[in-house]
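Data file: model-v7.txt. Format and content: compact mmCIF, C-alpha atoms and all ligand atoms.
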```txt
# COMPACT_ATOMS: atom_id res chain seq x y z
CA MET A 1 16.46 -11.45 -16.56
CA SER A 2 13.16 -11.40 -14.77
CA THR A 3 11.57 -14.72 -14.03
CA GLY A 4 8.12 -13.19 -14.00
CA THR A 5 6.28 -11.25 -11.38
CA ARG A 6 5.06 -12.95 -8.24
CA THR A 7 1.66 -11.52 -7.39
CA GLY A 8 -0.50 -12.37 -4.40
CA ILE A 9 -4.04 -11.62 -3.31
CA VAL A 10 -5.11 -11.42 0.31
CA TYR A 11 -8.67 -12.60 0.82
CA ASP A 12 -10.76 -14.21 3.53
CA ASP A 13 -14.48 -15.01 3.67
CA ARG A 14 -14.54 -13.38 7.09
CA TYR A 15 -14.36 -10.04 5.25
CA LEU A 16 -18.01 -10.72 4.37
CA LEU A 17 -19.04 -10.69 8.04
CA HIS A 18 -18.99 -6.87 8.09
CA GLU A 19 -22.74 -6.55 7.44
CA THR A 20 -23.92 -3.17 6.17
CA GLY A 21 -27.38 -3.97 4.80
CA LYS A 22 -28.29 -2.00 1.68
CA HIS A 23 -25.31 0.31 2.02
CA PRO A 24 -23.16 0.66 -1.16
CA GLU A 25 -20.07 -0.58 0.75
CA ARG A 26 -21.38 -4.13 0.97
CA LYS A 27 -20.07 -7.67 0.96
CA ALA A 28 -21.30 -8.24 -2.62
CA ARG A 29 -18.35 -6.08 -3.72
CA LEU A 30 -15.79 -8.72 -2.75
CA LYS A 31 -17.94 -11.58 -4.00
CA SER A 32 -18.22 -9.86 -7.37
CA VAL A 33 -14.43 -9.52 -7.68
CA MET A 34 -13.79 -13.10 -6.59
CA SER A 35 -16.31 -14.59 -9.01
CA TYR A 36 -14.98 -12.46 -11.87
CA LEU A 37 -11.42 -13.67 -11.21
CA GLU A 38 -12.73 -17.23 -11.08
CA GLU A 39 -14.59 -16.76 -14.35
CA LYS A 40 -11.41 -15.42 -15.97
CA LYS A 41 -9.54 -18.45 -14.60
CA VAL A 42 -6.79 -16.39 -13.02
CA LEU A 43 -7.16 -17.27 -9.34
CA ASP A 44 -4.68 -20.13 -9.65
CA LYS A 45 -2.12 -17.74 -11.16
CA LEU A 46 -2.15 -15.78 -7.91
CA GLU A 47 -0.84 -16.75 -4.51
CA LEU A 48 -3.90 -16.75 -2.26
CA ILE A 49 -2.96 -15.42 1.14
CA LYS A 50 -4.98 -15.49 4.37
CA PRO A 51 -4.79 -12.29 6.38
CA ARG A 52 -3.77 -12.15 10.00
CA LYS A 53 -5.58 -9.95 12.46
CA ALA A 54 -3.87 -6.69 13.39
CA ALA A 55 -3.02 -6.42 17.08
CA VAL A 56 -4.56 -3.51 18.95
CA GLU A 57 -1.02 -2.25 19.56
CA GLU A 58 -0.53 -2.05 15.79
CA VAL A 59 -3.81 -0.20 15.25
CA LYS A 60 -2.58 2.22 17.91
CA PHE A 61 0.25 3.25 15.57
CA VAL A 62 -2.35 5.62 14.12
CA HIS A 63 -5.55 5.50 16.19
CA THR A 64 -6.21 6.58 19.75
CA ARG A 65 -6.99 3.94 22.37
CA LYS A 66 -10.24 5.80 23.08
CA TYR A 67 -11.39 5.49 19.47
CA ILE A 68 -10.42 1.82 19.18
CA GLU A 69 -12.41 1.04 22.34
CA HIS A 70 -15.30 3.10 21.02
CA VAL A 71 -15.51 0.92 17.89
CA GLU A 72 -15.22 -2.24 19.97
CA ASN A 73 -17.96 -1.11 22.37
CA TYR A 74 -20.35 0.06 19.69
CA CYS A 75 -20.04 -3.27 17.89
CA ALA A 76 -20.42 -5.28 21.10
CA LYS A 77 -23.54 -3.33 22.05
CA GLY A 78 -25.15 -3.99 18.69
CA TYR A 79 -25.19 -0.43 17.32
CA ASP A 80 -25.57 -0.36 13.54
CA ALA A 81 -23.55 2.76 12.69
CA LEU A 82 -20.61 4.89 13.86
CA ASP A 83 -21.95 7.96 12.08
CA MET A 84 -24.52 8.74 9.40
CA ASP A 85 -22.79 6.78 6.65
CA THR A 86 -20.42 4.40 8.43
CA MET A 87 -22.33 1.20 9.12
CA ILE A 88 -21.25 -1.47 11.61
CA CYS A 89 -22.52 -4.77 12.98
CA LYS A 90 -21.46 -6.94 15.92
CA ASP A 91 -18.56 -8.44 13.92
CA SER A 92 -17.26 -5.20 12.42
CA TYR A 93 -14.59 -4.56 15.04
CA GLU A 94 -13.00 -7.96 14.45
CA VAL A 95 -13.35 -7.63 10.66
CA GLY A 96 -11.78 -4.17 10.92
CA LEU A 97 -8.77 -5.71 12.64
CA LEU A 98 -8.65 -8.34 9.92
CA SER A 99 -8.82 -5.70 7.20
CA ALA A 100 -5.88 -3.81 8.74
CA GLY A 101 -4.14 -7.14 9.35
CA GLY A 102 -4.49 -8.06 5.67
CA ALA A 103 -2.45 -4.98 4.85
CA LEU A 104 0.21 -6.03 7.36
CA THR A 105 0.32 -9.54 5.94
CA ALA A 106 0.86 -8.03 2.49
CA VAL A 107 3.65 -5.76 3.74
CA ASP A 108 5.43 -8.80 5.21
CA LYS A 109 5.13 -10.70 1.92
CA VAL A 110 6.75 -7.96 -0.16
CA MET A 111 9.31 -6.87 2.43
CA LYS A 112 10.50 -10.45 2.95
CA ASP A 113 10.68 -10.72 -0.83
CA GLU A 114 8.33 -13.69 -0.89
CA LEU A 115 6.21 -11.85 -3.48
CA ASP A 116 6.69 -8.76 -5.66
CA ASN A 117 3.28 -7.25 -5.23
CA VAL A 118 0.12 -8.04 -3.29
CA PHE A 119 -3.49 -6.94 -3.71
CA VAL A 120 -5.52 -6.90 -0.50
CA LEU A 121 -9.16 -7.60 -1.31
CA GLY A 122 -10.43 -6.58 2.10
CA ARG A 123 -13.07 -4.45 3.78
CA PRO A 124 -14.02 -2.26 5.56
CA PRO A 125 -11.95 0.33 3.68
CA GLY A 126 -9.70 2.77 5.52
CA HIS A 127 -8.52 6.01 3.95
CA HIS A 128 -11.12 8.30 5.54
CA ALA A 129 -10.45 7.06 9.08
CA GLU A 130 -8.72 9.66 11.23
CA PRO A 131 -6.80 8.99 14.47
CA GLY A 132 -9.85 9.65 16.64
CA ARG A 133 -12.81 8.89 14.39
CA GLY A 134 -14.05 6.60 11.68
CA MET A 135 -16.00 8.10 8.80
CA GLY A 136 -16.90 7.58 5.15
CA PHE A 137 -17.45 3.79 5.49
CA CYS A 138 -13.96 3.45 7.09
CA LEU A 139 -13.14 2.06 10.55
CA PHE A 140 -9.36 1.77 10.74
CA ASN A 141 -6.90 3.41 8.36
CA ASN A 142 -5.39 0.32 6.77
CA ALA A 143 -2.93 2.20 4.52
CA ALA A 144 -1.61 4.28 7.41
CA ILE A 145 -1.31 1.33 9.77
CA ALA A 146 0.55 -0.61 7.07
CA SER A 147 2.92 2.32 6.45
CA CYS A 148 3.71 2.68 10.15
CA TYR A 149 4.24 -1.05 10.43
CA ALA A 150 6.67 -1.01 7.47
CA MET A 151 8.61 1.87 9.03
CA ARG A 152 8.83 0.19 12.44
CA GLU A 153 9.31 -3.43 11.44
CA TYR A 154 11.51 -2.92 8.38
CA LYS A 155 13.08 0.45 9.30
CA LEU A 156 11.82 2.11 6.13
CA GLU A 157 12.28 5.86 5.89
CA ARG A 158 10.41 6.61 2.67
CA VAL A 159 7.00 5.08 2.00
CA LEU A 160 4.88 6.29 -0.91
CA ILE A 161 1.09 6.14 -0.63
CA VAL A 162 -0.77 6.63 -3.90
CA ASP A 163 -4.48 7.25 -3.34
CA TRP A 164 -6.48 7.00 -6.55
CA ASP A 165 -9.87 6.58 -4.88
CA VAL A 166 -12.21 9.28 -6.22
CA HIS A 167 -12.51 10.73 -2.71
CA HIS A 168 -9.71 12.51 -0.91
CA GLY A 169 -7.95 10.33 1.68
CA ASN A 170 -8.40 12.85 4.48
CA GLY A 171 -7.50 10.36 7.21
CA THR A 172 -4.22 9.33 5.63
CA GLU A 173 -3.31 12.94 4.91
CA LEU A 174 -4.01 13.98 8.50
CA ILE A 175 -2.00 11.11 9.99
CA PHE A 176 1.15 11.90 7.99
CA TYR A 177 0.75 15.65 7.48
CA HIS A 178 3.87 16.43 9.54
CA ASP A 179 5.81 13.32 8.55
CA PRO A 180 8.44 13.33 5.74
CA ARG A 181 8.75 9.54 5.94
CA VAL A 182 5.46 9.12 4.07
CA LEU A 183 4.77 10.80 0.74
CA PHE A 184 1.02 10.98 0.31
CA PHE A 185 -0.17 11.49 -3.27
CA SER A 186 -3.90 11.78 -3.89
CA VAL A 187 -5.91 12.40 -7.06
CA HIS A 188 -9.57 13.02 -6.33
CA GLN A 189 -12.76 14.69 -7.43
CA SER A 190 -13.38 18.20 -6.17
CA PRO A 191 -15.75 19.38 -4.97
CA ALA A 192 -16.79 16.07 -3.39
CA TYR A 193 -16.85 14.25 -0.05
CA PRO A 194 -15.08 14.82 2.35
CA GLY A 195 -14.20 18.34 1.16
CA THR A 196 -10.48 18.30 1.97
CA GLY A 197 -7.56 17.82 -0.42
CA ALA A 198 -6.91 21.23 -1.95
CA ALA A 199 -3.69 21.64 -3.93
CA ASP A 200 -2.31 24.02 -1.31
CA GLU A 201 -2.56 21.35 1.41
CA VAL A 202 1.10 20.37 1.04
CA GLY A 203 2.03 19.15 4.52
CA ALA A 204 3.35 21.06 7.52
CA SER A 205 6.58 21.47 9.50
CA LYS A 206 8.96 18.64 8.53
CA GLY A 207 6.23 17.16 6.35
CA LYS A 208 6.07 20.15 3.99
CA GLY A 209 6.07 18.95 0.40
CA TYR A 210 5.21 15.37 1.35
CA THR A 211 1.47 15.73 0.82
CA ILE A 212 0.57 16.15 -2.84
CA ASN A 213 -3.07 16.73 -3.67
CA VAL A 214 -4.43 16.87 -7.20
CA PRO A 215 -8.09 17.91 -7.02
CA LEU A 216 -9.93 17.47 -10.32
CA PRO A 217 -13.35 18.48 -11.59
CA PRO A 218 -16.02 15.88 -12.40
CA TYR A 219 -15.78 14.16 -15.82
CA SER A 220 -12.00 13.81 -15.66
CA GLY A 221 -10.95 10.74 -17.61
CA ASP A 222 -8.17 8.33 -18.52
CA ASP A 223 -5.88 10.81 -20.24
CA ASP A 224 -6.23 13.38 -17.47
CA TYR A 225 -5.14 10.81 -14.90
CA GLU A 226 -2.31 9.48 -17.06
CA GLN A 227 -0.92 12.95 -17.64
CA ILE A 228 -1.04 13.73 -13.92
CA PHE A 229 0.71 10.49 -12.98
CA ARG A 230 3.41 11.05 -15.62
CA GLU A 231 3.99 14.73 -14.96
CA ILE A 232 3.73 14.86 -11.19
CA LEU A 233 4.00 11.45 -9.53
CA VAL A 234 6.79 9.93 -11.64
CA PRO A 235 9.25 12.87 -11.44
CA VAL A 236 8.60 13.42 -7.73
CA CYS A 237 9.37 9.74 -7.11
CA ASP A 238 12.62 10.07 -9.06
CA GLU A 239 13.58 12.58 -6.41
CA TYR A 240 11.95 10.90 -3.39
CA LYS A 241 13.00 7.32 -4.18
CA PRO A 242 10.33 5.40 -2.24
CA GLN A 243 11.36 2.17 -0.51
CA MET A 244 7.87 0.68 -0.79
CA VAL A 245 4.60 1.72 -2.44
CA ILE A 246 1.16 1.37 -0.90
CA VAL A 247 -1.88 2.12 -3.05
CA SER A 248 -5.22 3.17 -1.61
CA SER A 249 -6.97 1.69 -4.60
CA GLY A 250 -10.57 2.76 -4.85
CA TYR A 251 -12.57 2.17 -8.02
CA ASP A 252 -15.20 4.87 -7.62
CA ALA A 253 -13.67 7.19 -10.25
CA HIS A 254 -15.00 4.66 -12.80
CA GLN A 255 -17.45 6.05 -15.34
CA ASN A 256 -20.16 3.65 -14.13
CA ASP A 257 -19.73 4.28 -10.43
CA PRO A 258 -22.99 5.42 -8.81
CA LEU A 259 -21.39 7.63 -6.14
CA ALA A 260 -19.09 9.98 -8.06
CA GLY A 261 -18.74 11.85 -11.32
CA MET A 262 -15.45 10.84 -12.95
CA VAL A 263 -15.29 8.93 -16.25
CA LEU A 264 -12.38 6.47 -15.97
CA SER A 265 -12.55 3.25 -17.97
CA SER A 266 -11.68 -0.12 -16.40
CA GLN A 267 -8.48 -0.06 -18.47
CA ALA A 268 -7.40 3.15 -16.76
CA TYR A 269 -6.86 1.21 -13.55
CA GLY A 270 -4.46 -1.09 -15.37
CA MET A 271 -2.69 1.98 -16.71
CA MET A 272 -2.31 3.54 -13.24
CA ALA A 273 -1.15 0.23 -11.77
CA GLY A 274 1.39 0.06 -14.60
CA ILE A 275 2.86 3.45 -13.73
CA VAL A 276 2.99 2.55 -10.04
CA LYS A 277 4.71 -0.71 -10.94
CA GLU A 278 7.27 1.18 -13.07
CA ILE A 279 7.98 3.47 -10.12
CA ALA A 280 8.38 0.52 -7.76
CA ASN A 281 10.60 -1.39 -10.20
CA LYS A 282 12.82 1.65 -10.59
CA HIS A 283 13.19 2.51 -6.91
CA CYS A 284 12.32 -0.39 -4.63
CA GLY A 285 12.55 -3.74 -6.32
CA GLY A 286 8.90 -3.70 -7.35
CA LYS A 287 7.44 -3.66 -3.83
CA VAL A 288 3.79 -2.66 -4.12
CA VAL A 289 0.87 -3.35 -1.80
CA LEU A 290 -2.59 -2.37 -3.01
CA LEU A 291 -5.51 -2.01 -0.63
CA LEU A 292 -9.14 -1.91 -1.69
CA GLU A 293 -10.89 1.31 -0.79
CA GLY A 294 -14.10 2.38 -2.64
CA GLY A 295 -15.81 1.26 -5.86
CA TYR A 296 -19.56 0.60 -5.81
CA ASN A 297 -20.60 -0.61 -9.25
CA LEU A 298 -20.07 -4.35 -8.91
CA ASN A 299 -19.18 -5.03 -12.56
CA ALA A 300 -16.96 -1.99 -12.92
CA LEU A 301 -15.17 -2.88 -9.70
CA ALA A 302 -14.51 -6.49 -10.71
CA GLU A 303 -13.35 -5.60 -14.21
CA SER A 304 -11.07 -2.81 -12.95
CA VAL A 305 -9.46 -5.01 -10.29
CA PHE A 306 -8.86 -7.62 -13.00
CA HIS A 307 -7.09 -4.99 -15.12
CA VAL A 308 -4.92 -4.06 -12.14
CA LEU A 309 -3.96 -7.68 -11.44
CA ASN A 310 -3.31 -8.28 -15.13
CA THR A 311 -0.80 -5.43 -15.08
CA LEU A 312 0.75 -6.33 -11.73
CA ALA A 313 1.27 -9.96 -12.64
CA GLY A 314 2.14 -9.23 -16.27
CA TRP A 315 -0.38 -11.70 -17.72
CA GLY A 316 -0.88 -9.69 -20.91
CA MET A 317 -4.50 -10.88 -21.10
CA VAL A 318 -5.97 -7.45 -21.81
CA SER A 319 -4.71 -4.12 -23.04
CA ASN A 320 -4.58 -1.05 -20.82
CA LYS A 321 -5.49 1.18 -23.72
CA SER A 322 -9.15 2.05 -23.70
CA GLU A 323 -11.07 2.72 -26.87
CA GLY A 324 -12.59 6.11 -27.51
CA LYS A 325 -10.43 7.85 -24.97
CA ILE A 326 -11.20 11.32 -23.82
CA LEU A 327 -8.19 13.54 -24.37
CA PRO A 328 -6.82 15.55 -21.45
CA ARG A 329 -8.69 18.74 -20.96
CA GLN A 330 -7.26 22.21 -20.84
CA SER A 331 -8.35 22.40 -17.21
CA THR A 332 -6.08 19.44 -16.44
CA ARG A 333 -3.07 21.34 -17.76
CA THR A 334 -4.08 24.24 -15.51
CA ASN A 335 -4.53 21.92 -12.52
CA ILE A 336 -1.13 20.31 -13.07
CA ASN A 337 0.46 23.76 -13.12
CA ILE A 338 -1.29 24.71 -9.89
CA VAL A 339 0.06 21.58 -8.17
CA LYS A 340 3.57 22.13 -9.57
CA SER A 341 3.56 25.71 -8.38
CA ALA A 342 2.33 24.72 -4.89
CA HIS A 343 5.22 22.24 -4.72
CA LYS A 344 7.89 24.40 -6.31
CA PRO A 345 9.53 25.17 -2.92
CA PHE A 346 9.99 21.46 -2.14
CA TRP A 347 10.99 19.58 -5.30
CA SER A 348 13.88 20.39 -7.67
CA ILE A 349 11.94 18.96 -10.56
CA PHE A 350 9.39 21.74 -10.13
CA GLY A 351 12.01 24.46 -9.78
CA LYS A 352 13.21 24.35 -6.19
CA HIS A 353 16.50 26.20 -5.96
CA GLY A 354 19.56 24.45 -4.67
CA ILE A 355 21.05 25.46 -1.33
ZN ZN A 401 -14.14 6.64 -2.41
```
Rewrite the structure from the file as structure tokens, please.
Amino acid sequence: MSTGTRTGIVYDDRYLLHETGKHPERKARLKSVMSYLEEKKVLDKLELIKPRKAAVEEVKFVHTRKYIEHVENYCAKGYDALDMDTMICKDSYEVGLLSAGGALTAVDKVMKDELDNVFVLGRPPGHHAEPGRGMGFCLFNNAAIASCYAMREYKLERVLIVDWDVHHGNGTELIFYHDPRVLFFSVHQSPAYPGTGAADEVGASKGKGYTINVPLPPYSGDDDYEQIFREILVPVCDEYKPQMVIVSSGYDAHQNDPLAGMVLSSQAYGMMAGIVKEIANKHCGGKVVLLLEGGYNLNALAESVFHVLNTLAGWGMVSNKSEGKILPRQSTRTNINIVKSAHKPFWSIFGKHGI
């Protein structure tokens, strides 16, 4: 019998040193989550973990030396942005290494079986960062660096990345587009920034079938997401059998988020975490690492993260069922069929023929 789930949270005040001024990706985001968890009196139910800093050699698993030096130089010289929407300050390079390092710390905790699952409350976020450029508020691709680390350090051959941020994780997709060792699953709003993530982007060469994109129109809600997770992600994982799960967990598909147009409730994040946890329990002893990506309404972010932790740790403090749910739309059925048909050649569950 289970003796309860061991859940950790990686956090460090140094994550606040990445100053971005009035930008939506700001330090108040982490403060809001921490004070909400304090208010709910759950911090002492979690193992609080300090992150280590990622070594440059580890960041080089996915980024070019030239790009890493570019970030370091821009920060050292006092520039305030990498591009039009990716702000930096003099400390951002170091905080970027600490954000990636938090993901590595979390991977160690679950792979050494010291904890079942770990939530990394870090910033800057990562899923838009490509090998040679940062973009979309992201400096280093934390999820990709963590996946590469898990494959090298723990000899994993099948890592699942679930990206439920409202934006497509273009950086993560690009990094693993040819790589069957990482299954990248992304649900995102379309059309929206950064414009990638069509259903027919399925991976290339040996990586064909290992990129699964589910683009959805604005106003998609809880039931749309649940149906997609149940009908696409769960059966694919039964076939793929991931050895660890990493979640690019953004909270900007929330109905109150100022940057996007989806209508998820806070409870929906508990629901999605629950499905991910079921997958991990079934295939890899519950090993899940969640990394913070977007989410710009401070209250919505804090409440949603609380729902995720409640599910991960099994506190049973709140229900994952939202009131007044919006039923799945006909367009969601159509979108699921489009994704299934794009992936029919690669997965038996969708009709791939045996050899
Ligand atoms: Zn986002």
CA of Arg65 (chain A) and CA of Leu82 (chain A) are how many Å apart?
->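 We find that CA of Arg65 (chain A) and CA of Leu82 (chain A) lie 16.1 Å from each other.
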Close residues, Lys90 (chain A) itself excluded, 7 Å, only C-alpha atoms, min 4 positions apart in chain, as a list of chain:residue names |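 Surrounding residues, per the criterion: A:Cys75, A:Ala76, A:Gly78.
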Might you pull out every residue within 10 Å of Ser319 (chain A), with only C-alpha atoms counted and same-chain residues fewer than 3 positions away left off, and present them as a VMD selection string?
-> chain A and resid 267 to 268 270 to 271 307 310 to 311 316 322
Excluding region 331-342 of chain A and any residue of its chain fewer than 6 positions from it, enumerate the residues within 6 Å of it, using all atoms listed in the file, and give them as a list in words.
->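 Counting all atoms listed in the file, the residues come to Ala199, Asp200 and Phe350 of chain A.
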Given 12 Å and all atoms listed in the file, residues near ligand ZN 401 (chain A) as a PyMOL selection string = chain A and resi 24-25+124-128+135-138+163-170+186-189+192-194+248-254+257-262+292-297
Please, could you write that set of residues out with C-alpha atoms as a short mmCIF file (atom, residue, chain, number, x, y, z; two decimals), in the frame of the given file?
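Output below, filename result32.cif:
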```cif
data_model
loop_
_atom_site.label_atom_id
_atom_site.label_comp_id
_atom_site.auth_asym_id
_atom_site.auth_seq_id
_atom_site.Cartn_x
_atom_site.Cartn_y
_atom_site.Cartn_z
CA PRO A 24 -23.16 0.66 -1.16
CA GLU A 25 -20.07 -0.58 0.75
CA PRO A 124 -14.02 -2.26 5.56
CA PRO A 125 -11.95 0.33 3.68
CA GLY A 126 -9.70 2.77 5.52
CA HIS A 127 -8.52 6.01 3.95
CA HIS A 128 -11.12 8.30 5.54
CA MET A 135 -16.00 8.10 8.80
CA GLY A 136 -16.90 7.58 5.15
CA PHE A 137 -17.45 3.79 5.49
CA CYS A 138 -13.96 3.45 7.09
CA ASP A 163 -4.48 7.25 -3.34
CA TRP A 164 -6.48 7.00 -6.55
CA ASP A 165 -9.87 6.58 -4.88
CA VAL A 166 -12.21 9.28 -6.22
CA HIS A 167 -12.51 10.73 -2.71
CA HIS A 168 -9.71 12.51 -0.91
CA GLY A 169 -7.95 10.33 1.68
CA ASN A 170 -8.40 12.85 4.48
CA SER A 186 -3.90 11.78 -3.89
CA VAL A 187 -5.91 12.40 -7.06
CA HIS A 188 -9.57 13.02 -6.33
CA GLN A 189 -12.76 14.69 -7.43
CA ALA A 192 -16.79 16.07 -3.39
CA TYR A 193 -16.85 14.25 -0.05
CA PRO A 194 -15.08 14.82 2.35
CA SER A 248 -5.22 3.17 -1.61
CA SER A 249 -6.97 1.69 -4.60
CA GLY A 250 -10.57 2.76 -4.85
CA TYR A 251 -12.57 2.17 -8.02
CA ASP A 252 -15.20 4.87 -7.62
CA ALA A 253 -13.67 7.19 -10.25
CA HIS A 254 -15.00 4.66 -12.80
CA ASP A 257 -19.73 4.28 -10.43
CA PRO A 258 -22.99 5.42 -8.81
CA LEU A 259 -21.39 7.63 -6.14
CA ALA A 260 -19.09 9.98 -8.06
CA GLY A 261 -18.74 11.85 -11.32
CA MET A 262 -15.45 10.84 -12.95
CA LEU A 292 -9.14 -1.91 -1.69
CA GLU A 293 -10.89 1.31 -0.79
CA GLY A 294 -14.10 2.38 -2.64
CA GLY A 295 -15.81 1.26 -5.86
CA TYR A 296 -19.56 0.60 -5.81
CA ASN A 297 -20.60 -0.61 -9.25
#
```
CA of Pro191 (chain A) to CA of Gly171 (chain A), distance in Å rounded to a single decimal =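 CA of Gly171 (chain A) lies at a distance of 17.3 Å from CA of Pro191 (chain A).
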Can you tell me, as a ChimeraX atom specification, what residues are no more than 12 Å from Lys77 (chain A) when counting only C-alpha atoms, ignoring any on the same chain fewer than 6 positions away?
-> /A:69-71,88-93
Return the single residue from A:Asp224, A:Glu239, A:Glu201, A:Asp179 that is closest to Leu327 (chain A), with distances computed using only C-alpha atoms.
->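 Between A:Asp224, A:Glu239, A:Glu201, A:Asp179, the residue approaching Leu327 (chain A) most closely is A:Asp224.
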Mind giving me the straight-line distance from CA of Lys45 (chain A) to CA of Gly314 (chain A) in Å, one decimal?
->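 For CA of Lys45 (chain A) relative to CA of Gly314 (chain A), the distance reads 10.8 Å.
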Choose the residue, out of A:Arg133, A:Lys321, A:Arg329, A:Lys50, that has the smallest atom-to-atom separation from Tyr269 (chain A); count only C-alpha atoms.
-> A:Lys321
With all atoms listed in the file as the atoms that count, which of A:Thr172, A:Gln227, A:Ser304, A:Ser348 lies nearest to Ala144 (chain A)?
-> A:Thr172
Quick one: of A:Trp347, A:Phe306, A:Tyr225, A:Tyr210, who's nearest to Tyr36 (chain A), counting only C-alpha atoms?
-> A:Phe306
Looking at only C-alpha atoms, which of A:Glu226, A:Glu130, A:Glu157, A:Asp44 is the one that sits closest to Val59 (chain A)?
->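 Of A:Glu226, A:Glu130, A:Glu157, A:Asp44, the one nearest Val59 (chain A), counting only C-alpha atoms, is A:Glu130.
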Please, could all heavy atoms be added to region 288-294 of chain A and the result written as an mmCIF file, in the frame of the given file?
```cif
data_model
loop_
_atom_site.group_PDB
_atom_site.id
_atom_site.type_symbol
_atom_site.label_atom_id
_atom_site.label_comp_id
_atom_site.auth_asym_id
_atom_site.auth_seq_id
_atom_site.Cartn_x
_atom_site.Cartn_y
_atom_site.Cartn_z
ATOM 1 N N VAL A 288 5.059 -3.395 -4.128
ATOM 2 C CA VAL A 288 3.790 -2.660 -4.120
ATOM 3 C C VAL A 288 2.727 -3.457 -3.365
ATOM 4 O O VAL A 288 2.562 -4.656 -3.593
ATOM 5 C CB VAL A 288 3.252 -2.417 -5.554
ATOM 6 C CG1 VAL A 288 1.987 -1.558 -5.501
ATOM 7 C CG2 VAL A 288 4.287 -1.753 -6.446
ATOM 8 N N VAL A 289 2.029 -2.774 -2.485
ATOM 9 C CA VAL A 289 0.870 -3.350 -1.800
ATOM 10 C C VAL A 289 -0.338 -2.499 -2.147
ATOM 11 O O VAL A 289 -0.310 -1.280 -1.964
ATOM 12 C CB VAL A 289 1.084 -3.349 -0.266
ATOM 13 C CG1 VAL A 289 -0.216 -3.641 0.467
ATOM 14 C CG2 VAL A 289 2.163 -4.360 0.119
ATOM 15 N N LEU A 290 -1.378 -3.127 -2.673
ATOM 16 C CA LEU A 290 -2.590 -2.370 -3.010
ATOM 17 C C LEU A 290 -3.708 -2.773 -2.067
ATOM 18 O O LEU A 290 -3.923 -3.961 -1.805
ATOM 19 C CB LEU A 290 -3.035 -2.670 -4.447
ATOM 20 C CG LEU A 290 -2.073 -2.207 -5.532
ATOM 21 C CD1 LEU A 290 -1.207 -3.354 -5.970
ATOM 22 C CD2 LEU A 290 -2.824 -1.618 -6.707
ATOM 23 N N LEU A 291 -4.401 -1.766 -1.558
ATOM 24 C CA LEU A 291 -5.510 -2.010 -0.630
ATOM 25 C C LEU A 291 -6.804 -1.538 -1.275
ATOM 26 O O LEU A 291 -6.843 -0.451 -1.857
ATOM 27 C CB LEU A 291 -5.283 -1.231 0.667
ATOM 28 C CG LEU A 291 -3.894 -1.382 1.308
ATOM 29 C CD1 LEU A 291 -3.790 -0.477 2.529
ATOM 30 C CD2 LEU A 291 -3.625 -2.834 1.696
ATOM 31 N N LEU A 292 -7.846 -2.332 -1.152
ATOM 32 C CA LEU A 292 -9.140 -1.910 -1.690
ATOM 33 C C LEU A 292 -9.720 -0.806 -0.838
ATOM 34 O O LEU A 292 -9.800 -0.935 0.375
ATOM 35 C CB LEU A 292 -10.098 -3.117 -1.727
ATOM 36 C CG LEU A 292 -11.489 -2.827 -2.287
ATOM 37 C CD1 LEU A 292 -11.432 -2.456 -3.765
ATOM 38 C CD2 LEU A 292 -12.418 -4.014 -2.080
ATOM 39 N N GLU A 293 -10.138 0.272 -1.493
ATOM 40 C CA GLU A 293 -10.890 1.310 -0.790
ATOM 41 C C GLU A 293 -12.318 1.293 -1.350
ATOM 42 O O GLU A 293 -13.016 0.315 -1.150
ATOM 43 C CB GLU A 293 -10.217 2.689 -0.966
ATOM 44 C CG GLU A 293 -8.775 2.767 -0.442
ATOM 45 C CD GLU A 293 -8.650 2.889 1.082
ATOM 46 O OE1 GLU A 293 -9.662 2.917 1.787
ATOM 47 O OE2 GLU A 293 -7.488 2.946 1.571
ATOM 48 N N GLY A 294 -12.734 2.334 -2.129
ATOM 49 C CA GLY A 294 -14.100 2.380 -2.640
ATOM 50 C C GLY A 294 -14.284 1.673 -3.973
ATOM 51 O O GLY A 294 -13.387 0.974 -4.457
#
```
